[in-house]
Amino acid sequence: MLKDAFSATIKYMQIMDENGNIDQQLMPHDLDEKRLVEFYKMMNLARNLDAKALSLQRQGKLATYAPLVGEEATQIGSAMAMGEKDFAVPSFRQHGVYIARGLTLEQFFVYWRGYEEGASIDKKLNMTPVIVPVSTQMPHAAGIAFAKKYMKEDSAVVAYVGDGGTSEGDFYEAINFAGVFKVPLVVIIENNGWAISMPRSEQTAAATLAQKAIAAGIDSIQVDGNDVLAVYKATKDAIKSAKEGKPYVIECLTYRLGMHTTSDDPAKYREDAEVEAWKKRDPILRLGNYLRQKGLWDDSMESSMMDEQLRSIDQALEKAEQFKPNPDSIFENVYSFMSEALEEQMKNADYSNYWQ
Amino acid sequence: MAMLNMVQAINNALDLLMAEDRNVVLLGEDIGKDGGVFRVTDGLIEKYSKDRVIDTPLAESSIIGASIGMAIAGLKPIPEIQFAGFMYLGYSQIVNHAARYRSRTRSNVTLPMVIRTPVSGGVKTLEHHSESPEAEYSHVGGLVVVEPSTPYDAKGLLTSAVHGKDPVLFLEPTKLYRLFKQEVPEEMFEVPIGKANVLREGDDLTIITYGTMVNVVEKALEKKPGVSAEVVDLRTINPLDEETIVESSRKTGKVMIVHEAPLSFGVGAEVSAIISEKAIYEIDAPIMRVTSPSLPYPMPGYENYYIPNEKKVLEAIDELLKM
Ligand SMILES: Cc1ncc(C[n+]2csc(CCOP(=O)(O)OP(=O)(O)O)c2C)c(N)n1
Ligand SMILES: [Mg+2]
């Protein structure tokens, strides 16, 4: 005998196409005009902040930096779908998620200028700090979701991972854990087409990344990651499902318009034509055009938004630049106690004044 | 002879090793088309094809684990882990398998493979890009751990490692990749593994060091022309060249160990124990360790407060000579 043991399909969702046409049947009801303008502003804030960070890095005022440009809809659409009590577990490129959930711009700068104080995030914001080792945050997300369920909190966890990150064991282990224990976990795969120099097509032989969820026994969908409406709806629905005991994976198809990090040179491995083609699918332009067509946005609103955002970014930077590192803090925060070894090392360090 | 920096010297060694033996293959993240994030493997995919310079998926456990499999089947894999901080995702493969396959099969299955990875800091990188994990891997037993401090040593040690029969961890200090150039022979040559290099001879004290700190020690000593220091560059962390360590300690009677890795449970502790066991009655001052403090590598804004610098080495020399 030979019969189908199992079969599955992966759906793709787009709500607003490149020309601003809306699929009314899919349009989320809770999105009024005010919300759409908020999305637009937040996507712009993310991009403006990103551009500032890049230019600072070029002036030697920031450590290595991973730009988000091009991925605003995926980050903002998903973050805006979360409630305050939901919990975000980003990776290292999700600056938009952090600021949309209330991280101050000042703290963003403190982190990327190279200080742990920037990773000390107000607990009320319900999110973990930047995680650099790819995909290692994923099991944490599953564990946080487990705890939320255990404590009967009305909270889902939204975790972010890149296309490359879905190759790591930690990714599979996390979604498998979530499936087994039916924890409220939503995984956003921010598929930006590249993992440094590795194109998505060479990262895995799987046709979609969303289908990886099938093996973990959990639901998934692929969405246009440059369509903020589709990302918003998919995340909103997934959070609801996750809270009902059905974890969810959302693959967002977006594109890394910039370099991997400021240490990277994409000219080594990818064609400009590909980048140019994706620029035409810019997520901010798409929503902006729609808002203008609807009479909700115009040039003067655009320029006052820009002025305001650039000003607040500059003010935040100014504050961040005033941050004075305290060398003792590297010794004082290792344990809940001060070990004899550290005590001696700290004393010796200060006494000898080596530390310049 | 050619003037090469460490990146070029390693690239050149890999090139010669691949030309010599078609069973030598390279694998890792971004090592092919991109030429490696530090460009160490630049140009090799063009020369040896993507069958031998393999861009892998982003998954360290499979990079190390598949290399082990390749070695079992007769290839000579040289996996690259993009930064030592990410090697932990393949740690189980290294410690559970690479380190003990030989001993648990009574040398029936051996794993000639060389894992290359950048280590140490001082270059203002992101978190997890600056670790100095040599002691962790040396502690396991079964892994040869090598760390060059010059382009010449990098080429010669890598060649010996690939020619050898053991799993080798080849640690490349990122800070030294492009810090300076040096005359390096164009042809293939070996620098022996397990032998330290006495960089300069002296009578007042012995400074035992390796990796990033070799340069710091040398710079410090330039400011102390009156001090006759013997400087030993370990080159190989495991196995240690006990003979050179003990001989030099006996000769000067005063020993300082300088490394970038944290103090506690580190290479300095091991070297110090060896000297205590074999020459305690012949040295005349406590053995001194100049290292980073006993805590995880901090973010770049704090790294200057963490890594030992010239000033720290100079003050330690004064202190030791007073004893
Ligand atoms: C475990 C681990 N391996 C390697 C790296 C080096 N590295 C940083 S980002 C990256 C690519 C990540 O690609 P992807 O998951 O698609 O995320 P993206 O950078 O595109 O946002 C690599 C290889 C790392 N940070 N962590
Ligand atoms: Mg990616």
# chains A, B, ... in the order shown; residues from 1 in each chain; ligands from 1
>>> residues_near_ligand(ligand="ligand 2", cutoff="12 Å", atoms="only C-alpha atoms and all ligand atoms", output="MDAnalysis selection string")
(chainID A and resid 66:68 70:71 91:94 134:135 160:167 189:203 209 251:261) or (chainID B and resid 57:58)
>>> write_last_selection(atoms="N, CA and C atoms", output="tab-separated table (two decimals), in the first residue's frame")
chain	number	residue	atom	x	y	z
A	66	ALA	N	24.21	47.16	12.10
A	66	ALA	CA	23.45	46.38	11.11
A	66	ALA	C	22.22	47.16	10.67
A	67	PRO	N	22.24	47.74	9.48
A	67	PRO	CA	21.13	48.60	9.06
A	67	PRO	C	19.85	47.83	8.73
A	68	LEU	N	18.71	48.49	8.93
A	68	LEU	CA	17.43	47.84	8.71
A	68	LEU	C	16.77	48.29	7.42
A	70	GLY	N	14.80	49.09	4.33
A	70	GLY	CA	14.09	48.18	3.44
A	70	GLY	C	13.17	47.23	4.18
A	71	GLU	N	13.45	47.04	5.49
A	71	GLU	CA	12.72	46.03	6.25
A	71	GLU	C	11.73	46.63	7.24
A	91	SER	N	16.28	40.06	17.27
A	91	SER	CA	17.65	39.61	17.05
A	91	SER	C	18.55	40.86	17.07
A	92	PHE	N	19.26	41.16	16.01
A	92	PHE	CA	20.20	42.29	16.06
A	92	PHE	C	19.91	43.38	15.02
A	93	ARG	N	18.90	43.15	14.15
A	93	ARG	CA	18.63	44.14	13.11
A	93	ARG	C	17.28	44.81	13.34
A	94	GLN	N	16.60	44.43	14.43
A	94	GLN	CA	15.20	44.85	14.58
A	94	GLN	C	15.07	46.17	15.35
A	134	VAL	N	23.44	34.25	16.10
A	134	VAL	CA	22.24	34.05	15.29
A	134	VAL	C	21.37	32.92	15.83
A	135	SER	N	20.08	33.22	15.98
A	135	SER	CA	19.06	32.24	16.34
A	135	SER	C	19.08	31.78	17.79
A	160	TYR	N	11.96	37.19	16.61
A	160	TYR	CA	12.45	37.51	15.26
A	160	TYR	C	13.69	36.72	14.92
A	161	VAL	N	13.72	36.25	13.69
A	161	VAL	CA	14.90	35.52	13.22
A	161	VAL	C	15.04	35.80	11.73
A	162	GLY	N	16.27	35.77	11.23
A	162	GLY	CA	16.49	36.02	9.81
A	162	GLY	C	16.35	34.76	8.99
A	163	ASP	N	16.38	34.91	7.67
A	163	ASP	CA	16.34	33.73	6.79
A	163	ASP	C	17.52	32.81	7.09
A	164	GLY	N	18.69	33.40	7.27
A	164	GLY	CA	19.86	32.59	7.60
A	164	GLY	C	19.68	31.88	8.93
A	165	GLY	N	19.09	32.60	9.87
A	165	GLY	CA	18.90	32.05	11.21
A	165	GLY	C	18.05	30.78	11.23
A	166	THR	N	17.22	30.60	10.22
A	166	THR	CA	16.36	29.41	10.22
A	166	THR	C	17.16	28.14	9.90
A	167	SER	N	18.45	28.27	9.59
A	167	SER	CA	19.27	27.08	9.38
A	167	SER	C	19.86	26.54	10.67
A	189	ILE	N	9.86	35.33	10.74
A	189	ILE	CA	11.08	35.12	9.97
A	189	ILE	C	11.23	36.33	9.06
A	190	GLU	N	12.21	37.16	9.38
A	190	GLU	CA	12.44	38.36	8.58
A	190	GLU	C	13.34	37.96	7.42
A	191	ASN	N	12.71	37.43	6.39
A	191	ASN	CA	13.47	36.93	5.23
A	191	ASN	C	13.81	38.09	4.31
A	192	ASN	N	15.02	38.60	4.49
A	192	ASN	CA	15.45	39.76	3.69
A	192	ASN	C	16.32	39.33	2.51
A	193	GLY	N	16.24	38.06	2.17
A	193	GLY	CA	16.89	37.59	0.95
A	193	GLY	C	18.35	37.19	1.10
A	194	TRP	N	19.00	37.68	2.14
A	194	TRP	CA	20.43	37.45	2.28
A	194	TRP	C	20.82	37.17	3.72
A	195	ALA	N	21.83	36.33	3.88
A	195	ALA	CA	22.51	36.15	5.17
A	195	ALA	C	23.98	36.46	4.86
A	196	ILE	N	24.37	37.66	5.17
A	196	ILE	CA	25.63	38.23	4.66
A	196	ILE	C	25.70	37.97	3.15
A	197	SER	N	26.57	37.07	2.69
A	197	SER	CA	26.74	36.88	1.24
A	197	SER	C	25.94	35.70	0.70
A	198	MET	N	25.18	35.05	1.58
A	198	MET	CA	24.48	33.83	1.18
A	198	MET	C	23.05	34.16	0.78
A	199	PRO	N	22.71	33.98	-0.51
A	199	PRO	CA	21.33	34.28	-0.91
A	199	PRO	C	20.38	33.22	-0.34
A	200	ARG	N	19.17	33.63	-0.16
A	200	ARG	CA	18.15	32.74	0.37
A	200	ARG	C	18.10	31.41	-0.39
A	201	SER	N	18.27	31.47	-1.71
A	201	SER	CA	18.15	30.27	-2.53
A	201	SER	C	19.21	29.23	-2.19
A	202	GLU	N	20.33	29.67	-1.64
A	202	GLU	CA	21.39	28.71	-1.29
A	202	GLU	C	21.41	28.36	0.19
A	203	GLN	N	20.57	29.04	0.95
A	203	GLN	CA	20.53	28.79	2.40
A	203	GLN	C	19.84	27.47	2.71
A	209	LEU	N	10.42	29.29	3.69
A	209	LEU	CA	10.90	29.10	5.07
A	209	LEU	C	9.71	28.81	5.98
A	251	GLU	N	6.52	33.94	7.76
A	251	GLU	CA	7.68	34.30	6.94
A	251	GLU	C	7.37	35.59	6.19
A	252	CYS	N	8.13	36.64	6.47
A	252	CYS	CA	7.93	37.93	5.80
A	252	CYS	C	8.96	38.08	4.69
A	253	LEU	N	8.48	38.22	3.46
A	253	LEU	CA	9.40	38.38	2.33
A	253	LEU	C	9.75	39.85	2.16
A	254	THR	N	10.96	40.20	2.56
A	254	THR	CA	11.38	41.58	2.45
A	254	THR	C	12.77	41.60	1.82
A	255	TYR	N	13.49	42.69	1.96
A	255	TYR	CA	14.79	42.75	1.30
A	255	TYR	C	15.74	43.67	2.05
A	256	ARG	N	16.96	43.21	2.20
A	256	ARG	CA	18.01	44.01	2.85
A	256	ARG	C	18.58	44.97	1.82
A	257	LEU	N	18.09	46.21	1.82
A	257	LEU	CA	18.56	47.16	0.80
A	257	LEU	C	20.01	47.58	1.05
A	258	GLY	N	20.43	47.55	2.31
A	258	GLY	CA	21.77	48.01	2.64
A	258	GLY	C	22.78	46.87	2.73
A	259	MET	N	23.93	47.21	3.31
A	259	MET	CA	24.94	46.18	3.55
A	259	MET	C	24.53	45.35	4.75
A	260	HIS	N	25.16	44.18	4.89
A	260	HIS	CA	24.84	43.33	6.06
A	260	HIS	C	25.11	44.10	7.34
A	261	THR	N	26.35	44.52	7.50
A	261	THR	CA	26.69	45.46	8.56
A	261	THR	C	27.67	46.45	7.94
B	57	PRO	N	25.37	26.64	4.73
B	57	PRO	CA	24.28	27.31	5.44
B	57	PRO	C	24.78	27.82	6.79
B	58	LEU	N	23.99	28.71	7.38
B	58	LEU	CA	24.38	29.36	8.63
B	58	LEU	C	24.10	28.41	9.80
>>> interface_residues(of="chain A", to="chain B", cutoff="9 Å", atoms="only C-alpha atoms", output="PyMOL selection string")
chain A and resi 63-65+111-116+131-134+136+164-170+195-198+202-204+263-266+268-269+325-327+330-331+334+341-342+345-346+349+352-356
>>> select_by_dssp(residues="range 92-305 of chain B", states="strand (DSSP E)", output="number ranges by chain")
B: 113-119, 144-146, 167-173, 182-184, 197-200, 205-209, 229-233, 236-238, 255-262, 288-292
>>> write_last_selection(atoms="C-alpha atoms", output="PDB file, in the first residue's frame")
ATOM      1  CA  MET B 113      41.030  18.542  10.580  1.00  0.00           C
ATOM      2  CA  VAL B 114      41.848  22.151  11.330  1.00  0.00           C
ATOM      3  CA  ILE B 115      39.172  24.478  12.642  1.00  0.00           C
ATOM      4  CA  ARG B 116      40.122  28.076  11.909  1.00  0.00           C
ATOM      5  CA  THR B 117      38.506  30.905  13.802  1.00  0.00           C
ATOM      6  CA  PRO B 118      39.230  34.547  14.627  1.00  0.00           C
ATOM      7  CA  VAL B 119      39.762  35.314  18.311  1.00  0.00           C
ATOM      8  CA  VAL B 144      45.601  20.744  19.684  1.00  0.00           C
ATOM      9  CA  VAL B 145      45.257  24.509  20.162  1.00  0.00           C
ATOM     10  CA  VAL B 146      47.493  26.836  18.184  1.00  0.00           C
ATOM     11  CA  PRO B 167      42.090  17.889  15.248  1.00  0.00           C
ATOM     12  CA  VAL B 168      43.546  21.365  15.616  1.00  0.00           C
ATOM     13  CA  LEU B 169      41.935  24.573  16.712  1.00  0.00           C
ATOM     14  CA  PHE B 170      43.713  27.324  14.843  1.00  0.00           C
ATOM     15  CA  LEU B 171      43.046  30.644  16.564  1.00  0.00           C
ATOM     16  CA  GLU B 172      43.669  33.795  14.558  1.00  0.00           C
ATOM     17  CA  PRO B 173      43.765  37.079  16.500  1.00  0.00           C
ATOM     18  CA  GLN B 182      56.545  40.614   7.585  1.00  0.00           C
ATOM     19  CA  GLU B 183      58.857  38.724   5.234  1.00  0.00           C
ATOM     20  CA  VAL B 184      57.300  35.331   4.613  1.00  0.00           C
ATOM     21  CA  ASN B 197      59.455  30.625  20.285  1.00  0.00           C
ATOM     22  CA  VAL B 198      62.003  32.501  22.372  1.00  0.00           C
ATOM     23  CA  LEU B 199      61.580  35.941  20.824  1.00  0.00           C
ATOM     24  CA  ARG B 200      64.371  37.521  22.766  1.00  0.00           C
ATOM     25  CA  LEU B 205      62.813  38.164  33.952  1.00  0.00           C
ATOM     26  CA  THR B 206      60.860  35.836  31.692  1.00  0.00           C
ATOM     27  CA  ILE B 207      57.678  37.024  30.019  1.00  0.00           C
ATOM     28  CA  ILE B 208      55.542  34.190  28.692  1.00  0.00           C
ATOM     29  CA  THR B 209      52.843  35.301  26.288  1.00  0.00           C
ATOM     30  CA  ALA B 229      63.737  40.363  29.479  1.00  0.00           C
ATOM     31  CA  GLU B 230      63.396  36.915  27.971  1.00  0.00           C
ATOM     32  CA  VAL B 231      60.193  36.748  25.931  1.00  0.00           C
ATOM     33  CA  VAL B 232      58.591  33.420  25.153  1.00  0.00           C
ATOM     34  CA  ASP B 233      55.797  33.274  22.566  1.00  0.00           C
ATOM     35  CA  THR B 236      50.940  26.390  20.758  1.00  0.00           C
ATOM     36  CA  ILE B 237      48.642  26.516  23.789  1.00  0.00           C
ATOM     37  CA  ASN B 238      48.006  22.787  23.881  1.00  0.00           C
ATOM     38  CA  VAL B 255      58.253  34.964  35.598  1.00  0.00           C
ATOM     39  CA  MET B 256      55.344  36.948  34.248  1.00  0.00           C
ATOM     40  CA  ILE B 257      52.581  35.520  32.089  1.00  0.00           C
ATOM     41  CA  VAL B 258      50.659  37.907  29.872  1.00  0.00           C
ATOM     42  CA  HIS B 259      47.468  36.985  28.037  1.00  0.00           C
ATOM     43  CA  GLU B 260      44.303  38.674  26.875  1.00  0.00           C
ATOM     44  CA  ALA B 261      41.964  35.925  28.083  1.00  0.00           C
ATOM     45  CA  PRO B 262      40.463  36.319  31.561  1.00  0.00           C
ATOM     46  CA  MET B 288      52.819  37.121  38.107  1.00  0.00           C
ATOM     47  CA  ARG B 289      49.859  37.079  35.730  1.00  0.00           C
ATOM     48  CA  VAL B 290      48.877  40.099  33.641  1.00  0.00           C
ATOM     49  CA  THR B 291      45.558  39.373  31.985  1.00  0.00           C
ATOM     50  CA  SER B 292      42.040  40.615  31.462  1.00  0.00           C
TER      51      SER B 292
END
>>> residues_around(residues="Lys233 in chain A", least_positions_apart="4", cutoff="7 Å", atoms="only C-alpha atoms", output="list in words")
Pro28, Leu229 and Asp237 of chain A
>>> select_by_dssp(residues="range 18-223 of chain B", states="helix (DSSP H, G or I)", output="VMD selection string")
chain B and resid 18 to 20 44 to 48 60 to 72 84 to 98 101 to 104 134 to 140 151 to 163 174 to 177 212 to 222
>>> residues_around(residues="Pro79 in chain B", least_positions_apart="2", cutoff="7 Å", atoms="only C-alpha atoms", output="PyMOL selection string")
chain B and resi 26-28+63-64+67+77+81+114-116
>>> atom_distance(atom1="CA of Lys322 in chain B", atom2="CA of Ser248 in chain B")
19.2 Å
>>> closest_residue(among="A:Ala267, A:Leu26, A:Ala234, A:Val69", to="ligand 1", atoms="only C-alpha atoms and all ligand atoms")
A:Val69
>>> closest_residue(among="A:Ser7, A:Thr74, A:Ser120, A:Asn44", to="ligand 1", atoms="only C-alpha atoms and all ligand atoms")
A:Thr74
